Amino acid sequence: MLTTFLDLKTAVFLGIIVGFFVTLFVLKKALLTLPKDQGRKYAVNGELSKGKPRGGGVVFVIIFTIISLIFIPISAEYIIVYALLLAAMLTGYLDDMSKIPWGEVKKGLLDLVICIIAVVTYCNFDGNYTIYLWNGLTLALPPVLYMLIAVFFLWVSINVTNCTDGVDGLLGTLSSITMAALAAIFFMTAQIGEMGLCLIFAAILLGYLAYNASPSKLIMGDAGSRAIGLFIGIMVLKTHVPLIYFLIGGIIFVDGGIGLVKLLVLRIFKAKNFLRNIRTPLHDHYRKNKDWSDTQVVTRYAVLHIILCVIGVYIAVM
């Protein structure tokens, strides 16, 4: 709305500042209204989370939506994206609030519906079924095949991001770096609206991290992690170079994805010895088996993630 009076870059700058400070302020007020965590039985140090407010993601996703509506030009596509982010947040929040955690099938089906709507929306407004590889190489796909791949891609993005959330500051740090990398790509490809969305979300996550520095006061929960995964997936699709996800989202993909692969192999092939000595998510393996502290996990992951993001940005704009 403010872009009626201001140029877009100025509006984005103001949105970044406002988003950061509003998040700091609102999180303090929201602590008493959020459900309490029950502890995570199989996670390393999971008992330390017991009793902390859970579902902090509901706060910063709502803030992101409001700030974006004010500082980013309104379009039908963006409205649908905001609605889908709120839907992903809401399903995660209801799971966070539930005394009995939702089953994998229920959550998986809800994620699938959200992903299908997101891909149909993207294809309707973008209409590009070509995957750009590198250095001018492209791969044109039939629309139906492209949409099936895109739905699976978004579903994976939601779930690996959800799995990575488990160490104070880890997901917030990695995802804000990823969003900054996406913003750099959008800036160099003159997609200023998408750049603004990524920078505003990154700033809000930085506000969350600033308030919630280890030892954390609250947990973002599925309400935050699922919405973050969906947002990153949609923004990667809008770069038209989806393979860069394995770089700019590489650490998230590996950390959370190994657990999904391990579970898939166990369920389908009954291979109980597959990755038997690897604890998943991978950050728990390093904390339990390699004696890394939480700070070491976050710092080492972040450094490697920054390096991969720099490579990813370079490849995307070549």
# chains A, B, ... in the order shown; residues from 1 in each chain; ligands from 1
$ residues_around --residues "Thr173 in chain A" --least-positions-apart "6" --cutoff "10 Å" --atoms "only C-alpha atoms" --output "NGL selection string"
:A and (202 or 205-206 or 208-209 or 298-299 or 301-302 or 305)
$ residues_around --residues "range 234-243 of chain A" --least-positions-apart "6" --cutoff "10 Å" --atoms "only C-alpha atoms" --output "NGL selection string"
:A and (81 or 115 or 118-119 or 122-123 or 126 or 128-134 or 138 or 150 or 153-154 or 157 or 178-179 or 182-183 or 185-186 or 189 or 191 or 194-195 or 197-198 or 228 or 249 or 312 or 315-317)
$ write_last_selection --atoms "C-alpha atoms" --output "compact mmCIF listing (two decimals), in the first residue's frame"
# COMPACT_ATOMS: atom_id res chain seq x y z
CA VAL A 81 0.91 -16.96 -1.44
CA CYS A 115 1.69 -27.58 -2.35
CA ALA A 118 0.89 -23.23 -4.60
CA VAL A 119 2.11 -24.85 -7.83
CA TYR A 122 2.69 -20.27 -9.65
CA CYS A 123 2.06 -21.84 -13.06
CA ASP A 126 4.21 -17.45 -14.31
CA ASN A 128 7.00 -20.96 -17.44
CA TYR A 129 7.60 -24.71 -17.56
CA THR A 130 11.29 -24.43 -18.41
CA ILE A 131 13.99 -25.30 -15.90
CA TYR A 132 17.13 -23.23 -16.33
CA LEU A 133 20.22 -25.26 -15.58
CA TRP A 134 23.49 -23.38 -15.99
CA THR A 138 17.55 -25.19 -20.29
CA ALA A 150 7.18 -28.83 -8.51
CA PHE A 153 9.76 -30.22 -4.62
CA LEU A 154 7.62 -27.98 -2.39
CA SER A 157 11.08 -28.29 1.10
CA THR A 178 18.92 -18.63 2.24
CA MET A 179 16.42 -15.76 1.95
CA LEU A 182 17.39 -15.45 -2.91
CA ALA A 183 17.09 -11.67 -2.50
CA ILE A 185 19.33 -13.38 -7.12
CA PHE A 186 16.08 -11.43 -7.47
CA THR A 189 17.35 -10.37 -12.19
CA GLN A 191 12.52 -9.08 -9.60
CA GLU A 194 10.30 -11.02 -4.75
CA MET A 195 13.53 -9.47 -3.46
CA LEU A 197 9.53 -10.37 0.24
CA CYS A 198 12.74 -12.32 0.92
CA ILE A 228 9.44 -21.18 6.10
CA GLY A 249 19.17 -24.56 0.78
CA GLY A 312 24.40 -20.82 -5.67
CA ILE A 315 25.38 -20.08 -10.73
CA ALA A 316 21.83 -18.69 -10.74
CA VAL A 317 22.78 -15.41 -12.39
$ atom_distance --atom1 "CA of Leu112 in chain A" --atom2 "CA of Ala76 in chain A"
21.7 Å
$ residues_around --residues "Thr65 in chain A" --least-positions-apart "2" --cutoff "9 Å" --atoms "only C-alpha atoms" --output "PyMOL selection string"
chain A and resi 60-63+67-70+82-83+85-86
$ closest_residue --among "A:Ile251, A:Ala190, A:Ile219, A:Leu24" --to "Lys9 in chain A" --atoms "only C-alpha atoms"
A:Ala190
$ select_by_dssp --residues "range 105-276 of chain A" --states "alpha helix (DSSP H)" --output "PyMOL selection string"
chain A and resi 105-126+143-164+170-188+192-211+221-239+245-248+250-269
$ select_by_dssp --residues "range 80-285 of chain A" --states "strand (DSSP E or B)" --output "PyMOL selection string"
chain A and resi 130-132+138-140+219
$ closest_residue --among "A:Met89, A:Met147, A:Met97, A:Leu2" --to "Asn124 in chain A" --atoms "only C-alpha atoms"
A:Met147
$ closest_atom_pairs --of "range 130-216 of chain A" --to "range 220-223 of chain A" --cutoff "9 Å" --atoms "only C-alpha atoms" --output "CSV"
residue,atom,partner,partner_atom,distance
A:Asn162,CA,A:Asp222,CA,6.4
A:Asp165,CA,A:Gly221,CA,7.6
A:Gly166,CA,A:Gly221,CA,8.9
A:Gly172,CA,A:Met220,CA,9.0
